[in-house]
>>> print(open('entry21.txt').read())   # compact mmCIF, C-alpha atoms
# COMPACT_ATOMS: atom_id res chain seq x y z
CA MET A 429 -76.73 57.80 -18.40
CA GLN A 430 -74.61 60.85 -18.75
CA ARG A 431 -75.56 61.60 -22.30
CA GLN A 432 -73.95 65.00 -22.06
CA VAL A 433 -70.64 63.51 -21.07
CA TYR A 434 -70.90 61.06 -23.94
CA GLU A 435 -71.60 63.90 -26.30
CA GLN A 436 -68.72 65.99 -24.99
CA LEU A 437 -66.47 63.01 -25.40
CA TYR A 438 -67.45 62.23 -28.96
CA ASN A 439 -67.70 65.82 -30.10
CA LYS A 440 -63.93 65.88 -29.75
CA ILE A 441 -63.50 62.82 -31.91
CA LYS A 442 -63.30 64.21 -35.41
CA PRO A 443 -61.59 62.93 -38.51
CA ASP A 444 -58.30 64.54 -39.41
CA GLY A 445 -58.63 67.21 -42.12
CA SER A 446 -55.91 65.98 -44.42
CA MET A 447 -57.21 62.42 -44.18
CA VAL A 448 -60.62 63.66 -45.25
CA GLU A 449 -59.11 65.51 -48.20
CA LYS A 450 -57.20 62.42 -49.26
CA THR A 451 -60.39 60.38 -49.06
CA LYS A 452 -62.16 62.88 -51.29
CA ARG A 453 -59.36 62.66 -53.83
CA ASP A 454 -59.52 58.86 -53.82
CA MET A 455 -63.28 58.98 -54.26
CA LEU A 456 -62.86 61.36 -57.20
CA GLU A 457 -60.31 59.04 -58.73
CA GLN A 458 -62.74 56.18 -58.35
CA ILE A 459 -65.55 58.12 -59.96
CA ARG A 460 -63.30 59.01 -62.89
CA CYS A 461 -63.12 55.32 -63.73
CA MET A 462 -66.85 55.34 -64.15
CA PRO A 463 -68.73 57.26 -66.85
CA VAL A 464 -70.43 60.47 -65.72
CA ALA A 465 -74.19 60.53 -65.33
CA GLU A 466 -75.65 60.51 -68.79
CA ASN A 467 -77.35 63.82 -69.43
CA PRO A 468 -80.26 62.87 -71.63
CA PRO A 469 -80.49 64.69 -74.96
CA LEU A 470 -82.73 67.70 -74.95
CA ARG A 471 -83.60 67.42 -78.60
CA LYS A 472 -86.97 65.86 -79.38
CA LYS A 473 -86.76 62.55 -81.10
CA ARG A 474 -88.39 62.79 -84.47
CA ILE A 475 -91.61 60.88 -84.71
CA LEU A 476 -91.64 58.36 -87.50
CA HIS A 477 -94.66 58.68 -89.70
CA ILE A 478 -95.38 55.57 -91.60
CA ALA A 479 -97.48 56.50 -94.59
CA ALA A 480 -98.88 53.18 -95.66
CA ALA A 481 -100.17 50.76 -93.11
CA ALA A 482 -99.39 47.91 -95.47
CA MET A 483 -95.75 48.89 -95.64
CA ALA A 484 -95.52 48.91 -91.87
CA VAL A 485 -97.01 45.48 -91.55
CA LEU A 486 -94.75 44.15 -94.23
CA ALA A 487 -91.66 45.63 -92.59
CA ILE A 488 -92.50 44.13 -89.27
CA ALA A 489 -93.38 40.74 -90.68
CA VAL A 490 -90.06 40.52 -92.48
CA ASN A 491 -87.85 41.40 -89.54
CA ALA A 492 -89.62 40.25 -86.46
CA SER A 493 -89.64 36.79 -85.04
CA PRO A 494 -92.37 34.49 -86.29
CA ALA A 495 -94.01 34.55 -82.88
CA PHE A 496 -94.22 38.31 -82.87
CA ALA A 497 -95.48 38.53 -86.42
CA SER A 498 -98.29 36.16 -85.68
CA TYR A 499 -99.06 38.00 -82.46
CA LEU A 500 -99.45 41.23 -84.41
CA GLN A 501 -101.52 39.65 -87.11
CA ARG A 502 -104.00 38.41 -84.57
CA VAL A 503 -105.15 41.97 -84.06
CA PRO A 504 -106.81 43.79 -86.95
CA ILE A 505 -105.44 47.18 -87.89
CA LEU A 506 -107.66 50.08 -87.10
CA GLY A 507 -107.61 53.31 -88.99
CA GLU A 508 -106.29 55.64 -86.36
CA VAL A 509 -102.61 56.33 -85.94
CA VAL A 510 -101.63 56.83 -82.35
CA LYS A 511 -98.69 59.12 -81.79
CA ILE A 512 -96.33 59.75 -78.92
CA ILE A 513 -95.50 63.40 -78.70
CA SER A 514 -94.17 65.83 -76.19
CA ILE A 515 -97.19 66.85 -74.22
CA ARG A 516 -95.40 68.99 -71.71
CA THR A 517 -92.23 70.93 -72.11
CA TYR A 518 -90.89 73.23 -69.49
CA THR A 519 -87.59 74.94 -69.16
CA GLY A 520 -87.31 76.91 -66.01
CA ASP A 521 -85.07 78.31 -63.45
CA ASP A 522 -87.00 78.97 -60.31
CA GLY A 523 -83.98 80.36 -58.61
CA GLU A 524 -83.06 77.08 -57.03
CA GLU A 525 -82.50 74.50 -59.74
CA GLU A 526 -82.79 74.49 -63.50
CA ILE A 527 -85.50 72.11 -64.60
CA TYR A 528 -85.86 70.73 -68.11
CA ILE A 529 -88.97 68.71 -68.80
CA ASN A 530 -89.74 67.09 -72.12
CA GLN A 531 -92.55 64.78 -71.14
CA PRO A 532 -93.99 62.23 -73.56
CA GLY A 533 -97.61 61.31 -73.88
CA ILE A 534 -100.13 59.81 -76.21
CA GLU A 535 -101.56 62.54 -78.39
CA ASP A 536 -105.30 63.17 -78.22
CA ALA A 537 -105.80 60.38 -75.76
CA HIS A 538 -109.46 59.43 -75.91
CA GLN A 539 -109.47 55.82 -74.90
CA PRO A 540 -109.12 54.94 -71.21
CA TRP A 541 -105.93 52.98 -71.75
CA ALA A 542 -104.27 55.96 -73.43
CA GLN A 543 -105.31 58.26 -70.63
CA GLN A 544 -103.99 55.75 -68.14
CA VAL A 545 -100.59 55.63 -69.80
CA ASN A 546 -100.41 59.41 -69.78
CA GLN A 547 -101.42 59.44 -66.14
CA VAL A 548 -98.70 56.97 -65.18
CA ILE A 549 -96.13 59.11 -66.96
CA GLN A 550 -97.46 62.26 -65.34
CA ASN A 551 -97.31 60.72 -61.87
CA THR A 552 -93.82 59.37 -62.42
CA VAL A 553 -92.52 62.71 -63.64
CA ASP A 554 -94.20 64.72 -60.89
CA GLU A 555 -92.86 62.43 -58.21
CA TYR A 556 -89.38 62.49 -59.64
CA ILE A 557 -89.26 66.27 -59.85
CA ALA A 558 -90.59 66.63 -56.31
CA ASN A 559 -88.02 64.20 -54.93
CA ALA A 560 -85.20 65.75 -56.91
CA LYS A 561 -86.09 69.23 -55.67
CA HIS A 562 -86.22 67.89 -52.13
CA ARG A 563 -82.81 66.31 -52.52
CA ALA A 564 -81.42 69.55 -53.86
CA GLU A 565 -82.98 71.43 -50.96
CA GLU A 566 -81.41 69.07 -48.42
CA TYR A 567 -78.07 69.37 -50.14
CA LYS A 568 -78.27 73.15 -50.19
CA LYS A 569 -79.12 73.24 -46.51
CA ALA A 570 -76.20 71.01 -45.62
CA PHE A 571 -73.97 73.00 -47.90
CA LEU A 572 -74.86 76.35 -46.37
CA GLU A 573 -74.79 75.01 -42.84
CA THR A 574 -71.25 73.81 -43.31
CA GLY A 575 -69.93 77.16 -44.43
CA GLY A 576 -70.74 77.26 -48.15
CA THR A 577 -72.08 80.47 -49.62
CA MET A 578 -75.05 81.03 -51.90
CA GLU A 579 -72.71 82.12 -54.70
CA GLU A 580 -70.77 78.88 -54.46
CA TYR A 581 -74.00 76.93 -54.43
CA ALA A 582 -75.34 78.77 -57.47
CA ARG A 583 -72.14 77.96 -59.34
CA LYS A 584 -72.87 74.26 -58.95
CA ASN A 585 -75.66 74.77 -61.45
CA ILE A 586 -78.02 72.07 -60.20
CA GLN A 587 -80.13 70.70 -63.04
CA ILE A 588 -83.01 68.25 -63.17
CA TYR A 589 -83.92 66.58 -66.47
CA VAL A 590 -86.91 64.71 -67.75
CA ASP A 591 -86.83 63.54 -71.33
CA TYR A 592 -87.80 60.62 -73.48
CA GLU A 593 -86.60 58.61 -76.41
CA ILE A 594 -88.81 56.76 -78.86
CA LYS A 595 -87.24 53.44 -79.73
CA ALA A 596 -89.81 52.38 -82.30
CA GLN A 597 -93.18 53.68 -83.38
CA ASN A 598 -95.63 52.52 -85.98
CA GLU A 599 -99.32 51.78 -86.23
CA GLN A 600 -99.09 48.55 -84.37
CA TYR A 601 -96.91 49.31 -81.39
CA VAL A 602 -94.80 51.95 -79.81
CA SER A 603 -91.79 51.48 -77.58
CA PHE A 604 -90.36 54.43 -75.73
CA MET A 605 -88.26 55.22 -72.71
CA LEU A 606 -88.83 57.87 -70.08
CA ILE A 607 -85.60 59.21 -68.59
CA ALA A 608 -85.23 61.34 -65.52
CA ASN A 609 -81.94 62.50 -64.11
CA GLU A 610 -80.23 65.15 -62.03
CA ASN A 611 -76.75 66.37 -62.83
CA TRP A 612 -75.25 66.39 -59.36
CA VAL A 613 -75.87 62.88 -58.08
CA ASN A 614 -75.99 59.59 -59.94
CA ALA A 615 -77.97 57.34 -57.72
CA TYR A 616 -81.54 58.48 -58.29
CA GLY A 617 -81.98 58.58 -62.05
CA ILE A 618 -84.70 56.47 -63.60
CA ARG A 619 -85.28 54.82 -66.95
CA MET A 620 -88.75 53.55 -67.53
CA TYR A 621 -89.73 51.58 -70.63
CA PHE A 622 -93.17 51.50 -72.22
CA ASN A 623 -94.02 48.88 -74.83
CA ILE A 624 -97.59 49.33 -75.95
CA ASP A 625 -99.75 47.50 -78.42
CA LEU A 626 -101.52 50.46 -79.99
CA GLN A 627 -104.58 48.48 -81.01
CA THR A 628 -105.50 47.22 -77.59
CA GLY A 629 -103.58 49.52 -75.32
CA GLN A 630 -102.04 46.49 -73.66
CA THR A 631 -98.47 46.38 -72.54
CA ILE A 632 -96.42 44.03 -74.68
CA ALA A 633 -94.57 41.43 -72.66
CA LEU A 634 -91.49 39.45 -73.67
CA LYS A 635 -93.71 36.39 -73.70
CA ASP A 636 -95.84 37.96 -76.42
CA ILE A 637 -92.82 38.48 -78.63
CA LEU A 638 -90.71 35.40 -77.97
CA GLY A 639 -93.23 32.89 -76.71
CA GLU A 640 -93.42 30.86 -73.52
CA ASP A 641 -89.73 30.03 -73.69
CA PHE A 642 -88.70 33.67 -73.64
CA ALA A 643 -86.54 33.41 -70.52
CA GLN A 644 -84.44 30.62 -71.95
CA ILE A 645 -84.18 32.22 -75.40
CA CYS A 646 -83.05 35.52 -73.91
CA LYS A 647 -80.54 33.98 -71.55
CA GLN A 648 -78.93 31.89 -74.26
CA SER A 649 -78.67 34.83 -76.59
CA ILE A 650 -77.20 37.06 -73.91
CA VAL A 651 -74.65 34.51 -72.74
CA ARG A 652 -73.52 34.08 -76.34
CA GLN A 653 -73.17 37.82 -76.83
CA VAL A 654 -71.31 38.20 -73.55
CA GLN A 655 -68.85 35.52 -74.61
CA ASP A 656 -68.28 37.31 -77.87
CA ASN A 657 -67.67 40.57 -76.02
CA THR A 658 -65.37 39.17 -73.39
CA LEU A 659 -61.68 39.89 -73.93
CA PRO A 660 -59.56 37.08 -72.50
CA ASN A 661 -56.84 39.21 -70.95
CA SER A 662 -58.79 42.28 -70.05
CA ALA A 663 -58.83 43.45 -66.46
CA GLN A 664 -62.38 44.66 -66.85
CA ASN A 665 -64.90 41.97 -67.62
CA TYR A 666 -68.40 40.96 -66.87
CA PHE A 667 -68.85 39.80 -63.32
CA GLU A 668 -68.04 36.14 -62.91
CA ASN A 669 -71.16 35.37 -60.99
CA ALA A 670 -73.40 37.67 -63.00
CA SER A 671 -76.91 36.41 -63.48
CA PHE A 672 -78.26 36.87 -66.97
CA ALA A 673 -81.66 35.64 -65.91
CA VAL A 674 -84.54 37.33 -67.66
CA THR A 675 -87.99 37.45 -66.12
CA GLN A 676 -91.29 39.16 -66.73
CA GLN A 677 -89.94 42.11 -64.75
CA THR A 678 -86.76 42.57 -66.76
CA PRO A 679 -86.77 45.95 -68.46
CA PHE A 680 -86.68 45.90 -72.24
CA TYR A 681 -87.70 47.92 -75.27
CA ILE A 682 -88.59 46.93 -78.81
CA ASN A 683 -86.42 48.28 -81.60
CA GLU A 684 -87.48 49.20 -85.11
CA LYS A 685 -86.76 45.72 -86.35
CA GLY A 686 -89.34 44.41 -83.93
CA ASN A 687 -86.73 42.72 -81.75
CA PRO A 688 -86.75 43.04 -77.99
CA VAL A 689 -83.66 44.63 -76.44
CA ILE A 690 -82.99 43.54 -72.86
CA VAL A 691 -81.58 46.23 -70.58
CA PHE A 692 -79.34 45.63 -67.57
CA ASN A 693 -78.63 48.52 -65.25
CA ARG A 694 -75.11 49.66 -64.63
CA TYR A 695 -73.32 47.41 -62.12
CA GLU A 696 -75.85 44.61 -62.50
CA ILE A 697 -73.67 42.35 -64.62
CA ALA A 698 -70.48 44.30 -65.15
CA PRO A 699 -68.31 47.03 -63.59
CA GLY A 700 -69.68 50.55 -63.73
CA ALA A 701 -67.34 51.53 -66.53
CA PHE A 702 -69.30 49.28 -68.91
CA GLY A 703 -72.35 51.47 -68.44
CA ILE A 704 -75.86 50.27 -69.09
CA GLN A 705 -75.80 46.98 -70.99
CA GLU A 706 -78.25 46.20 -73.78
CA PHE A 707 -78.74 42.95 -75.64
CA GLU A 708 -80.83 42.60 -78.76
CA ILE A 709 -82.57 39.26 -78.94
CA THR A 710 -82.87 38.11 -82.52
CA GLN A 711 -84.78 35.03 -83.54
CA PRO A 712 -83.32 31.81 -82.18
CA MET B 231 -58.74 70.99 -55.97
CA GLU B 232 -61.31 69.76 -58.41
CA SER B 233 -64.43 68.76 -56.59
CA ASN B 234 -67.57 66.81 -57.19
CA ALA B 235 -70.92 67.80 -55.77
CA TYR B 236 -71.83 64.27 -54.86
CA ILE B 237 -68.63 63.61 -52.93
CA ASP B 238 -68.71 66.94 -51.15
CA GLU B 239 -72.28 66.45 -50.08
CA ALA B 240 -71.78 62.90 -48.84
CA ILE B 241 -68.70 63.84 -46.83
CA GLU B 242 -70.32 66.96 -45.39
CA ARG B 243 -73.25 64.97 -44.23
CA TYR B 244 -71.66 61.80 -42.95
CA SER B 245 -67.95 62.33 -42.35
CA ASP B 246 -68.29 62.76 -38.60
CA MET B 247 -70.89 60.06 -38.20
CA VAL B 248 -68.81 57.41 -39.96
CA TYR B 249 -65.61 58.34 -38.17
CA GLN B 250 -67.18 58.52 -34.73
CA LEU B 251 -69.03 55.25 -35.19
CA ALA B 252 -65.82 53.58 -36.35
CA PHE B 253 -63.97 54.98 -33.39
CA SER B 254 -66.62 53.82 -30.96
CA GLN B 255 -66.13 50.32 -32.29
CA THR B 256 -62.38 50.14 -32.74
CA GLY B 257 -61.12 52.57 -30.11
CA SER B 258 -58.26 53.61 -32.34
CA ARG B 259 -57.83 56.60 -34.62
CA TYR B 260 -55.77 54.59 -37.07
CA ASP B 261 -58.40 51.92 -37.36
CA ALA B 262 -61.14 54.49 -37.56
CA GLU B 263 -59.30 56.15 -40.45
CA ASP B 264 -58.93 52.82 -42.24
CA VAL B 265 -62.61 52.14 -41.87
CA TYR B 266 -63.50 55.70 -42.90
CA GLN B 267 -61.62 55.48 -46.17
CA GLU B 268 -62.97 52.04 -46.94
CA VAL B 269 -66.55 53.12 -46.32
CA PHE B 270 -66.48 56.22 -48.50
CA LEU B 271 -64.80 54.40 -51.36
CA LYS B 272 -67.51 51.77 -51.12
CA LEU B 273 -70.08 54.52 -51.29
CA VAL B 274 -68.95 55.74 -54.69
CA LYS B 275 -68.59 52.19 -55.99
CA ASN B 276 -71.98 51.28 -54.67
CA ARG B 277 -74.65 49.78 -56.93
CA THR B 278 -77.62 50.17 -54.66
CA ALA B 279 -79.98 52.88 -55.75
CA PHE B 280 -80.93 54.63 -52.53
CA VAL B 281 -84.63 55.20 -52.25
CA SER B 282 -84.30 57.85 -49.56
CA GLU B 283 -81.78 59.68 -47.44
CA GLU B 284 -82.63 57.38 -44.54
CA HIS B 285 -81.81 54.46 -46.76
CA ARG B 286 -78.39 55.93 -47.60
CA LYS B 287 -77.69 56.67 -43.95
CA ALA B 288 -78.66 53.16 -42.90
CA TRP B 289 -76.46 51.74 -45.64
CA LEU B 290 -73.49 53.79 -44.44
CA ILE B 291 -73.97 52.66 -40.86
CA ARG B 292 -74.18 49.04 -41.89
CA VAL B 293 -71.09 49.23 -44.09
CA THR B 294 -69.14 51.05 -41.36
CA LEU B 295 -69.95 48.39 -38.80
CA ASN B 296 -69.09 45.56 -41.17
CA SER B 297 -65.81 47.22 -41.92
CA CYS B 298 -64.99 47.57 -38.23
CA HIS B 299 -65.58 43.91 -37.60
CA SER B 300 -63.45 42.84 -40.48
CA LEU B 301 -60.50 44.69 -39.04
CA TRP B 302 -60.25 42.07 -36.31
CA ARG B 303 -59.52 44.74 -33.81
CA SER B 304 -61.51 45.33 -30.74
CA ILE B 305 -61.25 47.88 -28.03
CA CYS B 306 -61.75 45.11 -25.55
CA ARG B 307 -58.30 43.85 -26.34
CA ARG B 308 -56.79 47.05 -25.11
CA LYS B 309 -56.71 47.77 -21.46
CA ALA B 310 -57.93 51.17 -20.38
CA HIS B 311 -54.58 52.32 -19.09
CA THR B 312 -52.81 51.91 -22.43
CA LEU B 313 -54.85 54.78 -23.83
CA GLU B 314 -52.62 57.30 -22.08
CA GLY B 315 -49.54 55.66 -23.55
CA SER B 316 -50.73 55.59 -27.14
CA GLY B 317 -50.13 58.58 -29.33
CA GLN B 318 -53.74 58.59 -30.34
CA ALA B 319 -55.13 59.48 -26.95
CA ILE B 320 -58.28 61.52 -26.82
CA GLU B 321 -57.89 64.65 -24.79
CA PHE B 322 -60.06 63.96 -21.86
CA VAL B 323 -60.91 67.25 -20.24
CA LEU B 324 -63.05 66.09 -17.40
CA PRO B 325 -62.55 63.10 -15.13
CA GLU B 326 -66.09 61.99 -16.01
CA GLU B 327 -64.95 61.57 -19.58
CA THR B 328 -62.08 59.30 -18.62
CA GLN B 329 -64.32 57.29 -16.39
CA LEU B 330 -67.09 56.98 -18.97
CA TYR B 331 -64.62 56.02 -21.65
CA ALA B 332 -63.07 53.35 -19.45
CA ALA B 333 -66.51 52.00 -18.64
CA LEU B 334 -67.43 51.93 -22.33
CA CYS B 335 -64.27 50.01 -23.11
CA LYS B 336 -65.51 47.15 -21.03
CA LEU B 337 -68.76 46.79 -22.97
CA PRO B 338 -69.07 44.31 -25.82
CA ALA B 339 -68.85 45.97 -29.25
CA LYS B 340 -72.50 45.53 -30.12
CA TYR B 341 -73.61 47.24 -26.92
CA ARG B 342 -71.30 50.16 -27.62
CA MET B 343 -72.86 50.29 -31.05
CA VAL B 344 -76.45 50.73 -29.90
CA ILE B 345 -75.37 53.17 -27.20
CA HIS B 346 -73.58 55.28 -29.78
CA LEU B 347 -76.41 55.25 -32.30
CA PHE B 348 -79.04 55.93 -29.69
CA TYR B 349 -77.34 58.55 -27.52
CA TYR B 350 -74.96 60.24 -29.89
CA GLU B 351 -76.55 59.90 -33.32
CA GLN B 352 -79.93 60.24 -31.60
CA MET B 353 -81.55 57.63 -33.74
CA SER B 354 -84.82 56.04 -32.69
CA VAL B 355 -85.10 52.36 -31.87
CA ARG B 356 -86.95 51.91 -35.15
CA GLN B 357 -84.19 53.60 -37.15
CA ILE B 358 -81.51 51.58 -35.40
CA SER B 359 -83.35 48.33 -36.03
CA GLN B 360 -83.67 49.23 -39.72
CA SER B 361 -80.02 50.20 -40.06
CA LEU B 362 -78.73 47.07 -38.38
CA GLY B 363 -81.34 44.70 -39.72
CA VAL B 364 -82.36 43.44 -36.28
CA LYS B 365 -85.70 43.40 -34.52
CA GLU B 366 -86.77 46.40 -32.49
CA THR B 367 -87.19 44.20 -29.40
CA THR B 368 -83.58 43.14 -29.78
CA VAL B 369 -82.41 46.74 -29.98
CA ARG B 370 -84.43 47.67 -26.92
CA SER B 371 -83.09 44.82 -24.81
CA GLN B 372 -79.54 45.54 -25.94
CA LEU B 373 -79.95 49.16 -24.90
CA MET B 374 -81.28 48.11 -21.54
CA ARG B 375 -78.49 45.64 -20.91
CA ALA B 376 -75.90 48.12 -22.13
CA ARG B 377 -77.15 50.77 -19.74
CA ASN B 378 -77.12 48.33 -16.85
CA MET B 379 -73.62 47.14 -17.63
CA LEU B 380 -72.44 50.69 -17.99
CA ARG B 381 -73.88 51.58 -14.61
CA VAL B 382 -72.10 48.66 -13.00
CA ASN B 383 -68.84 49.54 -14.77
CA LEU B 384 -69.08 53.15 -13.71
CA GLN B 385 -69.61 52.07 -10.11
CA GLU B 386 -66.44 50.03 -10.43
CA GLU B 387 -64.70 53.14 -11.70
CA GLY B 388 -65.72 54.80 -8.52
CA VAL B 389 -68.38 57.08 -9.98
>>> encode(input="entry21.txt", output="structure tokens")
Amino acid sequence: MQRQVYEQLYNKIKPDGSMVEKTKRDMLEQIRCMPVAENPPLRKKRILHIAAAAMAVLAIAVNASPAFASYLQRVPILGEVVKIISIRTYTGDDGEEEIYINQPGIEDAHQPWAQQVNQVIQNTVDEYIANAKHRAEEYKKAFLETGGTMEEYARKNIQIYVDYEIKAQNEQYVSFMLIANENWVNAYGIRMYFNIDLQTGQTIALKDILGEDFAQICKQSIVRQVQDNTLPNSAQNYFENASFAVTQQTPFYINEKGNPVIVFNRYEIAPGAFGIQEFEITQP
Amino acid sequence: MESNAYIDEAIERYSDMVYQLAFSQTGSRYDAEDVYQEVFLKLVKNRTAFVSEEHRKAWLIRVTLNSCHSLWRSICRRKAHTLEGSGQAIEFVLPEETQLYAALCKLPAKYRMVIHLFYYEQMSVRQISQSLGVKETTVRSQLMRARNMLRVNLQEEGV
């Protein structure tokens, strides 16, 4: 076929400049209705030191669900306190992007499970940074190829973040979140939750905390909370056909009260302006 | 004008592709513009986390094509000769262009689609099959049939 003729034909078919500008303005307007990408805090979350093991156990037993309390009591307390700390911090500007890394890890990881957790975190962070740098590279190339200058590019101040937030930490379990983000595009950020039984190194599942019926318990609690949050005449509400189903794969963290907090990503159950939705599941 | 890195980058990368694909389907600048604006607004509202650039590109192609079909307009409804009368005529420079365009008009929309993605966007059969969500064998046979039909149409145009 005459590919060249086809190309000549379509090379002439370009969108009108002012239409493109109007589209960009409309897109900007749309984005303004949504919150900007959350830049994770750069401060280190203070690590909670719980002096007396007894106090910790008592605190948990009082606040947590009966199922969780009995789950914890099944495992004897060992002497060692396992801490999550920043094991790698890096602030750099390698001329291309600014990179801030505050990477969590289990301190003095001797046991295989601790080393494994640290390895998973390391791999996740490395992969994220590599992909983010690649995305920035592609963007820069496209930017320069379409007439942008290096000065204009530098002014965009591309930044890549890795940080973490400890949700709860004591001698029995730790729950923390790994966050990775870049400041120039929303779609690729990650939030990864770790809920670890510090005695066994096992990941704590919702089933361990709430029992076999966890899916039902969670869904009921969430539906109730959604109803309480829903304003009757508001234009912005949870999606009508939103699924509040909770499975083994649903991301969650454990708060200091020992309650699981279910996390729904932005857009999953509500418009983007609602942001990330969290629901604490207290005892039924 | 205030700008946003994400918007600028998406438009820089895909503005032409979306517009040209929309035009190849609808045959009208007005319709192509409608589709264009709809697609890019959908992009910023989008909930899918793209796992790669290819994923984003495939998503854009799919959304563009869906948008074209929902416009209920088809180039097949217009006869070739009305193109000169409409204010949105493309400036054909060479007679080959007029002839090719007229021949393309006679193809069904989905054949024009694979022709455009294969010859103009220079996508592989695999990439096309992933973007459209159809089997590679389907794409290949559509390409073959499209080429044959085009050849017949061009002969009718006196090429």
>>> closest_atom_pairs(input="entry21.txt", of="chain B", to="chain A", cutoff="7 Å", atoms="only C-alpha atoms", output="Markdown table")
| residue | atom | partner | partner_atom | distance |
| --- | --- | --- | --- | --- |
| B:Ala235 | CA | A:Trp612 | CA | 5.8 |
| B:Tyr236 | CA | A:Val613 | CA | 5.3 |
| B:Ile237 | CA | A:Lys452 | CA | 6.7 |
| B:Glu239 | CA | A:Tyr567 | CA | 6.5 |
| B:Arg243 | CA | A:Ala570 | CA | 6.9 |
| B:Asp246 | CA | A:Lys442 | CA | 6.1 |
| B:Tyr249 | CA | A:Pro443 | CA | 6.1 |
| B:Gln250 | CA | A:Ile441 | CA | 6.3 |
| B:Gln267 | CA | A:Thr451 | CA | 5.8 |
| B:Leu271 | CA | A:Met455 | CA | 5.6 |
| B:Val274 | CA | A:Met455 | CA | 6.5 |
| B:Arg277 | CA | A:Tyr695 | CA | 5.9 |
| B:Ala279 | CA | A:Ala615 | CA | 5.3 |
| B:Phe280 | CA | A:Ala615 | CA | 6.6 |
| B:Glu326 | CA | A:Val433 | CA | 7.0 |
| B:Glu327 | CA | A:Leu437 | CA | 6.2 |
| B:Tyr349 | CA | A:Arg431 | CA | 6.3 |
| B:Tyr350 | CA | A:Glu435 | CA | 6.1 |
>>> atom_distance(input="entry21.txt", atom1="atom CA of Ala558 of chain A", atom2="atom CA of Arg516 of chain A")
16.3 Å
>>> closest_residue(input="entry21.txt", among="B:Leu347, B:Leu330, B:Val364, B:Leu373", to="Glu386 of chain B", atoms="only C-alpha atoms")
B:Leu330
>>> atom_distance(input="entry21.txt", atom1="atom CA of Ile607 of chain A", atom2="atom CA of Ile588 of chain A")
10.9 Å
>>> closest_residue(input="entry21.txt", among="A:Asn609, A:Gln531, A:Gln653, A:Thr577", to="Asn546 of chain A", atoms="only C-alpha atoms")
A:Gln531
>>> atom_distance(input="entry21.txt", atom1="atom CA of Met343 of chain B", atom2="atom CA of Gln372 of chain B")
9.7 Å
>>> residues_around(input="entry21.txt", residues="Tyr556 of chain A", least_positions_apart="4", cutoff="8 Å", atoms="all atoms listed in the file", output="PyMOL selection string")
chain A and resi 552+560+608
>>> residues_around(input="entry21.txt", residues="Glu268 of chain B", least_positions_apart="3", cutoff="12 Å", atoms="all atoms listed in the file", output="PyMOL selection string")
(chain A and resi 448+451-452+454-455) or (chain B and resi 248-249+252+261-265+271-276+290+293-298+300-301)
>>> write_last_selection(input="entry21.txt", atoms="C-alpha atoms", output="PDB file, keeping the file's coordinate frame")
ATOM      1  CA  VAL A 448     -60.620  63.660 -45.250  1.00  0.00           C
ATOM      2  CA  THR A 451     -60.390  60.380 -49.060  1.00  0.00           C
ATOM      3  CA  LYS A 452     -62.160  62.880 -51.290  1.00  0.00           C
ATOM      4  CA  ASP A 454     -59.520  58.860 -53.820  1.00  0.00           C
ATOM      5  CA  MET A 455     -63.280  58.980 -54.260  1.00  0.00           C
TER       6      MET A 455
ATOM      7  CA  VAL B 248     -68.810  57.410 -39.960  1.00  0.00           C
ATOM      8  CA  TYR B 249     -65.610  58.340 -38.170  1.00  0.00           C
ATOM      9  CA  ALA B 252     -65.820  53.580 -36.350  1.00  0.00           C
ATOM     10  CA  ASP B 261     -58.400  51.920 -37.360  1.00  0.00           C
ATOM     11  CA  ALA B 262     -61.140  54.490 -37.560  1.00  0.00           C
ATOM     12  CA  GLU B 263     -59.300  56.150 -40.450  1.00  0.00           C
ATOM     13  CA  ASP B 264     -58.930  52.820 -42.240  1.00  0.00           C
ATOM     14  CA  VAL B 265     -62.610  52.140 -41.870  1.00  0.00           C
ATOM     15  CA  LEU B 271     -64.800  54.400 -51.360  1.00  0.00           C
ATOM     16  CA  LYS B 272     -67.510  51.770 -51.120  1.00  0.00           C
ATOM     17  CA  LEU B 273     -70.080  54.520 -51.290  1.00  0.00           C
ATOM     18  CA  VAL B 274     -68.950  55.740 -54.690  1.00  0.00           C
ATOM     19  CA  LYS B 275     -68.590  52.190 -55.990  1.00  0.00           C
ATOM     20  CA  ASN B 276     -71.980  51.280 -54.670  1.00  0.00           C
ATOM     21  CA  LEU B 290     -73.490  53.790 -44.440  1.00  0.00           C
ATOM     22  CA  VAL B 293     -71.090  49.230 -44.090  1.00  0.00           C
ATOM     23  CA  THR B 294     -69.140  51.050 -41.360  1.00  0.00           C
ATOM     24  CA  LEU B 295     -69.950  48.390 -38.800  1.00  0.00           C
ATOM     25  CA  ASN B 296     -69.090  45.560 -41.170  1.00  0.00           C
ATOM     26  CA  SER B 297     -65.810  47.220 -41.920  1.00  0.00           C
ATOM     27  CA  CYS B 298     -64.990  47.570 -38.230  1.00  0.00           C
ATOM     28  CA  SER B 300     -63.450  42.840 -40.480  1.00  0.00           C
ATOM     29  CA  LEU B 301     -60.500  44.690 -39.040  1.00  0.00           C
TER      30      LEU B 301
END
>>> residues_around(input="entry21.txt", residues="Lys336 of chain B", least_positions_apart="2", cutoff="8 Å", atoms="all atoms listed in the file", output="compact mmCIF listing (two decimals) with C-alpha atoms, keeping the file's coordinate frame")
# COMPACT_ATOMS: atom_id res chain seq x y z
CA CYS B 306 -61.75 45.11 -25.55
CA ALA B 332 -63.07 53.35 -19.45
CA ALA B 333 -66.51 52.00 -18.64
CA LEU B 334 -67.43 51.93 -22.33
CA PRO B 338 -69.07 44.31 -25.82
CA ASN B 383 -68.84 49.54 -14.77
